[in-house]
$ cat input.pdb   # PDB, C-alpha atoms
ATOM      1  CA  MET A   1      72.480 -62.483 138.109
ATOM      2  CA  ALA A   2      70.167 -60.503 140.366
ATOM      3  CA  ARG A   3      66.629 -61.709 140.869
ATOM      4  CA  ILE A   4      64.254 -60.643 138.080
ATOM      5  CA  MET A   5      61.038 -61.085 140.086
ATOM      6  CA  THR A   6      61.756 -58.795 143.032
ATOM      7  CA  LYS A   7      58.016 -58.051 143.507
ATOM      8  CA  THR A   8      59.014 -54.624 144.854
ATOM      9  CA  GLY A   9      56.965 -52.912 142.136
ATOM     10  CA  ASP A  10      53.731 -54.768 142.740
ATOM     11  CA  LYS A  11      52.248 -51.759 144.535
ATOM     12  CA  GLY A  12      52.828 -49.361 141.667
ATOM     13  CA  THR A  13      56.186 -47.846 142.538
ATOM     14  CA  THR A  14      59.718 -48.260 141.229
ATOM     15  CA  GLY A  15      63.155 -47.232 142.445
ATOM     16  CA  ILE A  16      65.317 -44.442 141.018
ATOM     17  CA  PHE A  17      68.943 -43.486 141.610
ATOM     18  CA  GLY A  18      69.467 -42.573 145.241
ATOM     19  CA  GLY A  19      67.062 -45.166 146.610
ATOM     20  CA  GLU A  20      63.848 -43.153 146.315
ATOM     21  CA  ARG A  21      60.709 -44.869 145.056
ATOM     22  CA  VAL A  22      58.311 -43.091 142.709
ATOM     23  CA  PRO A  23      55.028 -44.060 140.990
ATOM     24  CA  LYS A  24      55.483 -46.154 137.855
ATOM     25  CA  ASP A  25      53.710 -43.475 135.811
ATOM     26  CA  ASP A  26      55.915 -40.681 137.177
ATOM     27  CA  PRO A  27      57.169 -38.392 134.341
ATOM     28  CA  ARG A  28      60.722 -39.574 135.053
ATOM     29  CA  ILE A  29      59.695 -43.198 134.544
ATOM     30  CA  GLU A  30      57.607 -42.334 131.468
ATOM     31  CA  ALA A  31      60.640 -40.629 129.921
ATOM     32  CA  ASN A  32      62.913 -43.553 130.669
ATOM     33  CA  GLY A  33      60.317 -45.996 129.385
ATOM     34  CA  ALA A  34      60.342 -44.225 126.023
ATOM     35  CA  MET A  35      64.150 -44.206 126.000
ATOM     36  CA  ASP A  36      64.196 -47.926 126.813
ATOM     37  CA  GLU A  37      61.764 -48.599 123.966
ATOM     38  CA  LEU A  38      63.956 -46.542 121.627
ATOM     39  CA  ASN A  39      67.003 -48.565 122.654
ATOM     40  CA  ALA A  40      65.166 -51.816 121.961
ATOM     41  CA  HIS A  41      64.272 -50.587 118.462
ATOM     42  CA  LEU A  42      67.909 -49.666 117.833
ATOM     43  CA  GLY A  43      68.870 -53.166 118.946
ATOM     44  CA  LEU A  44      66.477 -54.644 116.405
ATOM     45  CA  ILE A  45      67.931 -52.448 113.664
ATOM     46  CA  ARG A  46      71.473 -53.361 114.667
ATOM     47  CA  ALA A  47      70.578 -57.066 114.564
ATOM     48  CA  HIS A  48      69.825 -56.638 110.841
ATOM     49  CA  ILE A  49      73.089 -54.837 110.052
ATOM     50  CA  PRO A  50      76.127 -57.035 109.282
ATOM     51  CA  THR A  51      78.847 -56.764 111.924
ATOM     52  CA  GLU A  52      81.390 -55.664 109.301
ATOM     53  CA  ASP A  53      79.183 -52.678 108.376
ATOM     54  CA  PRO A  54      80.425 -49.509 110.208
ATOM     55  CA  ARG A  55      76.816 -48.719 111.085
ATOM     56  CA  HIS A  56      76.734 -51.793 113.341
ATOM     57  CA  ARG A  57      79.371 -50.264 115.601
ATOM     58  CA  PHE A  58      77.800 -46.799 115.495
ATOM     59  CA  PHE A  59      74.337 -48.080 116.457
ATOM     60  CA  GLY A  60      75.961 -50.027 119.293
ATOM     61  CA  GLU A  61      77.675 -46.893 120.598
ATOM     62  CA  VAL A  62      74.391 -44.986 120.547
ATOM     63  CA  GLN A  63      72.744 -47.818 122.484
ATOM     64  CA  MET A  64      75.454 -47.681 125.153
ATOM     65  CA  ARG A  65      75.003 -43.934 125.430
ATOM     66  CA  ILE A  66      71.246 -44.314 125.795
ATOM     67  CA  MET A  67      71.900 -46.555 128.808
ATOM     68  CA  GLN A  68      74.047 -43.832 130.370
ATOM     69  CA  ALA A  69      71.430 -41.199 129.578
ATOM     70  CA  MET A  70      68.723 -43.342 131.169
ATOM     71  CA  SER A  71      70.756 -43.530 134.360
ATOM     72  CA  LEU A  72      70.941 -39.730 134.429
ATOM     73  CA  ILE A  73      67.237 -39.380 133.647
ATOM     74  CA  ALA A  74      66.538 -41.657 136.627
ATOM     75  CA  THR A  75      68.534 -39.296 138.862
ATOM     76  CA  ARG A  76      67.137 -36.145 140.400
ATOM     77  CA  SER A  77      69.292 -33.093 139.600
ATOM     78  CA  GLU A  78      70.335 -32.671 143.234
ATOM     79  CA  HIS A  79      71.846 -36.182 143.230
ATOM     80  CA  ARG A  80      73.377 -36.097 139.731
ATOM     81  CA  GLU A  81      76.945 -35.493 140.952
ATOM     82  CA  GLU A  82      76.746 -38.809 142.803
ATOM     83  CA  ASN A  83      75.994 -40.663 139.557
ATOM     84  CA  PRO A  84      79.145 -42.030 137.867
ATOM     85  CA  ASN A  85      77.521 -41.746 134.430
ATOM     86  CA  HIS A  86      77.751 -38.525 132.477
ATOM     87  CA  PHE A  87      76.395 -36.844 129.355
ATOM     88  CA  ASP A  88      78.968 -35.598 126.851
ATOM     89  CA  LEU A  89      78.015 -32.713 124.537
ATOM     90  CA  GLN A  90      80.262 -34.342 121.952
ATOM     91  CA  TRP A  91      77.538 -36.981 121.488
ATOM     92  CA  VAL A  92      75.373 -34.291 119.865
ATOM     93  CA  GLU A  93      78.186 -33.274 117.516
ATOM     94  CA  GLU A  94      78.892 -36.881 116.532
ATOM     95  CA  LEU A  95      75.241 -37.524 115.646
ATOM     96  CA  GLU A  96      75.165 -34.334 113.611
ATOM     97  CA  ALA A  97      78.332 -35.357 111.775
ATOM     98  CA  GLU A  98      77.003 -38.829 110.991
ATOM     99  CA  THR A  99      73.698 -37.389 109.781
ATOM    100  CA  ALA A 100      75.543 -34.927 107.533
ATOM    101  CA  ARG A 101      77.723 -37.738 106.153
ATOM    102  CA  LEU A 102      74.674 -39.780 105.172
ATOM    103  CA  MET A 103      72.851 -36.779 103.732
ATOM    104  CA  ALA A 104      75.789 -36.058 101.448
ATOM    105  CA  GLU A 105      75.309 -39.477  99.837
ATOM    106  CA  ILE A 106      71.599 -39.262  99.061
ATOM    107  CA  PRO A 107      69.687 -36.983  96.687
ATOM    108  CA  GLU A 108      67.288 -34.380  98.045
ATOM    109  CA  ASN A 109      63.835 -35.000  96.620
ATOM    110  CA  GLY A 110      61.955 -32.184  98.370
ATOM    111  CA  PHE A 111      59.027 -34.418  99.364
ATOM    112  CA  PHE A 112      57.523 -35.822 102.540
ATOM    113  CA  ILE A 113      57.715 -39.595 102.219
ATOM    114  CA  LEU A 114      55.675 -42.453 103.639
ATOM    115  CA  PRO A 115      57.513 -44.545 106.255
ATOM    116  CA  GLY A 116      58.338 -47.949 104.840
ATOM    117  CA  GLY A 117      60.521 -49.194 102.028
ATOM    118  CA  THR A 118      62.862 -51.989 102.982
ATOM    119  CA  ILE A 119      62.429 -53.826 106.286
ATOM    120  CA  LEU A 120      65.472 -52.012 107.696
ATOM    121  CA  SER A 121      64.365 -48.547 106.588
ATOM    122  CA  ALA A 122      60.868 -49.190 107.980
ATOM    123  CA  GLU A 123      62.389 -50.173 111.341
ATOM    124  CA  MET A 124      64.471 -46.992 111.302
ATOM    125  CA  GLN A 125      61.366 -44.909 110.661
ATOM    126  CA  LEU A 126      59.597 -46.638 113.550
ATOM    127  CA  ALA A 127      62.570 -45.921 115.829
ATOM    128  CA  ARG A 128      62.416 -42.284 114.685
ATOM    129  CA  THR A 129      58.846 -41.955 115.959
ATOM    130  CA  VAL A 130      59.853 -43.436 119.320
ATOM    131  CA  ALA A 131      62.723 -40.936 119.531
ATOM    132  CA  ARG A 132      60.198 -38.154 118.972
ATOM    133  CA  ARG A 133      58.007 -39.493 121.775
ATOM    134  CA  ALA A 134      61.005 -39.817 124.071
ATOM    135  CA  GLU A 135      61.841 -36.184 123.364
ATOM    136  CA  ARG A 136      58.305 -35.113 124.296
ATOM    137  CA  ARG A 137      58.465 -37.072 127.566
ATOM    138  CA  LEU A 138      61.846 -35.526 128.342
ATOM    139  CA  TRP A 139      60.458 -32.027 127.874
ATOM    140  CA  THR A 140      57.710 -32.862 130.373
ATOM    141  CA  LEU A 141      60.368 -33.941 132.864
ATOM    142  CA  GLU A 142      62.588 -30.940 132.074
ATOM    143  CA  ARG A 143      59.840 -28.604 133.298
ATOM    144  CA  LEU A 144      59.824 -30.433 136.642
ATOM    145  CA  ASP A 145      63.542 -31.056 137.112
ATOM    146  CA  PRO A 146      66.254 -29.842 134.694
ATOM    147  CA  LEU A 147      68.092 -32.546 132.746
ATOM    148  CA  PRO A 148      71.796 -32.467 131.803
ATOM    149  CA  GLU A 149      72.635 -29.861 129.176
ATOM    150  CA  GLY A 150      72.421 -31.256 125.658
ATOM    151  CA  LEU A 151      70.499 -34.420 126.478
ATOM    152  CA  ILE A 152      67.208 -33.328 124.891
ATOM    153  CA  PRO A 153      68.891 -31.887 121.768
ATOM    154  CA  TRP A 154      70.753 -35.203 121.456
ATOM    155  CA  VAL A 155      67.469 -37.136 121.377
ATOM    156  CA  ASN A 156      66.129 -34.613 118.869
ATOM    157  CA  ARG A 157      69.185 -35.195 116.645
ATOM    158  CA  MET A 158      68.642 -38.932 117.010
ATOM    159  CA  SER A 159      65.288 -38.710 115.255
ATOM    160  CA  ASP A 160      66.934 -36.727 112.430
ATOM    161  CA  TRP A 161      69.717 -39.306 112.165
ATOM    162  CA  LEU A 162      67.226 -42.174 112.022
ATOM    163  CA  PHE A 163      65.158 -40.439 109.333
ATOM    164  CA  VAL A 164      68.223 -39.841 107.176
ATOM    165  CA  SER A 165      69.479 -43.374 107.889
ATOM    166  CA  ALA A 166      66.182 -44.754 106.579
ATOM    167  CA  LYS A 167      66.454 -42.681 103.394
ATOM    168  CA  TRP A 168      70.109 -43.692 102.978
ATOM    169  CA  GLU A 169      69.204 -47.378 103.348
ATOM    170  CA  MET A 170      66.527 -47.090 100.678
ATOM    171  CA  HIS A 171      68.911 -45.262  98.359
ATOM    172  CA  GLN A 172      71.571 -47.935  98.860
ATOM    173  CA  GLN A 173      69.074 -50.659  98.000
ATOM    174  CA  GLY A 174      67.700 -48.774  95.000
ATOM    175  CA  TRP A 175      64.265 -48.732  96.617
ATOM    176  CA  PRO A 176      61.876 -45.989  95.414
ATOM    177  CA  GLU A 177      60.364 -43.659  97.993
ATOM    178  CA  ASP A 178      56.595 -43.314  98.329
ATOM    179  CA  ARG A 179      56.047 -39.565  98.162
ATOM    180  CA  TRP A 180      53.219 -37.753  99.899
ATOM    181  CA  GLN A 181      53.559 -34.087  98.987
ATOM    182  CA  ALA A 182      56.253 -31.505  98.338
ATOM    183  CA  PHE A 183      57.762 -29.510 101.184
ATOM    184  CA  SER A 184      55.988 -26.159 101.566
ATOM    185  CA  TYR A 185      58.952 -24.196 100.206
ATOM    186  CA  LYS A 186      58.894 -26.381  97.072
ATOM    187  CA  ARG A 187      55.230 -25.789  96.286
ATOM    188  CA  LYS A 188      54.435 -23.236  93.652
ATOM    189  CA  LYS A 189      52.446 -20.307  94.948
ATOM    190  CA  LYS A 190      49.248 -19.522  93.090
ATOM    191  CA  GLN A 191      49.553 -16.354  91.108
ATOM    192  CA  PRO A 192      46.886 -13.725  91.904
ATOM    193  CA  ALA A 193      44.243 -13.237  89.259
ATOM    194  CA  PRO A 194      44.836 -10.161  87.105
ATOM    195  CA  ALA A 195      42.832  -7.096  88.080
ATOM    196  CA  GLU A 196      39.930  -6.267  85.776
TER     197      GLU A 196
END
$ encode --input "input.pdb" --output "structure tokens"
Amino acid sequence: MARIMTKTGDKGTTGIFGGERVPKDDPRIEANGAMDELNAHLGLIRAHIPTEDPRHRFFGEVQMRIMQAMSLIATRSEHREENPNHFDLQWVEELEAETARLMAEIPENGFFILPGGTILSAEMQLARTVARRAERRLWTLERLDPLPEGLIPWVNRMSDWLFVSAKWEMHQQGWPEDRWQAFSYKRKKKQPAPAE
């Protein structure tokens, strides 16, 4: 195993693909930091899912793909062809399909809900918020150096998948949702007062 304490970052820089060193608060590093945090949350979720549950394998695949995506995020666009990792647009389609599969098994209640419920659903909601932050950091980087096509939409779909996964988990456990308020399209519009 390589040395953990290299001390090469003690002066505030870190290495990226291609050998270049950049500040530790560089937008590229901020984006990858959020992706790394997201991956750690997914690992925690996966640790609570039995290995025989198909979700265990699916979460593991997403984690592996996040590692590949992080390698690409750490690579400037002009050096991306040198990176053996790749982003596959099929990853977006697979997340969409899994989200749709879960949605088909849970009722639509038309309400914003409070994050929480079971321990597992609460962890999924927390991971969802990290996915949203990762997406914001990626958009900052995108304005400076274009990312692979589909990568940002994939992270966006990940937050949707995690939200639906949390609702699905609560439904499976028979856990009631804490509602906040109805979606805007569900609210009744006030009727205008009759003219006098």
$ resolve_selection --input "input.pdb" --expression "the PyMOL selection byres ((chain A and resi 61) around 12)" --output "MDAnalysis selection string"
chainID A and resid 39 42:43 46 54:60 62:68 91 94:95
$ atom_distance --input "input.pdb" --atom1 "CA of Met124 in chain A" --atom2 "CA of Leu72 in chain A"
25.1 Å
$ closest_residue --input "input.pdb" --among "A:Leu147, A:Val130, A:Arg157, A:Ser121" --to "His79 in chain A" --atoms "all atoms listed in the file"
A:Leu147
$ residues_near_point --input "input.pdb" --point "(60.0, -34.8, 134.0)" --cutoff "9 Å" --atoms "all atoms listed in the file" --output "VMD selection string"
chain A and resid 26 to 31 73 137 to 147
$ write_last_selection --input "input.pdb" --atoms "C-alpha atoms" --output "PDB file, keeping the file's coordinate frame"
ATOM      1  CA  ASP A  26      55.915 -40.681 137.177  1.00  0.00           C
ATOM      2  CA  PRO A  27      57.169 -38.392 134.341  1.00  0.00           C
ATOM      3  CA  ARG A  28      60.722 -39.574 135.053  1.00  0.00           C
ATOM      4  CA  ILE A  29      59.695 -43.198 134.544  1.00  0.00           C
ATOM      5  CA  GLU A  30      57.607 -42.334 131.468  1.00  0.00           C
ATOM      6  CA  ALA A  31      60.640 -40.629 129.921  1.00  0.00           C
ATOM      7  CA  ILE A  73      67.237 -39.380 133.647  1.00  0.00           C
ATOM      8  CA  ARG A 137      58.465 -37.072 127.566  1.00  0.00           C
ATOM      9  CA  LEU A 138      61.846 -35.526 128.342  1.00  0.00           C
ATOM     10  CA  TRP A 139      60.458 -32.027 127.874  1.00  0.00           C
ATOM     11  CA  THR A 140      57.710 -32.862 130.373  1.00  0.00           C
ATOM     12  CA  LEU A 141      60.368 -33.941 132.864  1.00  0.00           C
ATOM     13  CA  GLU A 142      62.588 -30.940 132.074  1.00  0.00           C
ATOM     14  CA  ARG A 143      59.840 -28.604 133.298  1.00  0.00           C
ATOM     15  CA  LEU A 144      59.824 -30.433 136.642  1.00  0.00           C
ATOM     16  CA  ASP A 145      63.542 -31.056 137.112  1.00  0.00           C
ATOM     17  CA  PRO A 146      66.254 -29.842 134.694  1.00  0.00           C
ATOM     18  CA  LEU A 147      68.092 -32.546 132.746  1.00  0.00           C
TER      19      LEU A 147
END
$ residues_around --input "input.pdb" --residues "Ala127 in chain A" --least-positions-apart "6" --cutoff "8 Å" --atoms "all atoms listed in the file" --output "ChimeraX atom specification"
/A:38,41-42,159,162
$ residues_around --input "input.pdb" --residues "Glu96 in chain A" --least-positions-apart "6" --cutoff "10 Å" --atoms "only C-alpha atoms" --output "ChimeraX atom specification"
/A:90,154,157-158,160-161
$ write_last_selection --input "input.pdb" --atoms "C-alpha atoms" --output "JSON list (two decimals), in the frame of the given file"
[["chain", "number", "residue", "atom", "x", "y", "z"],
["A", 90, "GLN", "CA", 80.26, -34.34, 121.95],
["A", 154, "TRP", "CA", 70.75, -35.20, 121.46],
["A", 157, "ARG", "CA", 69.18, -35.20, 116.64],
["A", 158, "MET", "CA", 68.64, -38.93, 117.01],
["A", 160, "ASP", "CA", 66.93, -36.73, 112.43],
["A", 161, "TRP", "CA", 69.72, -39.31, 112.16]]
$ resolve_selection --input "input.pdb" --expression "the PyMOL selection byres ((chain A and resi 172) around 12)" --output "ChimeraX atom specification"
/A:102,105-107,117-118,120-121,165-171,173-176
$ atom_distance --input "input.pdb" --atom1 "CA of Asn32 in chain A" --atom2 "CA of Glu93 in chain A"
22.6 Å
$ closest_residue --input "input.pdb" --among "A:Ala47, A:Ala34, A:Val92, A:Ala40" --to "Gly150 in chain A" --atoms "only C-alpha atoms"
A:Val92
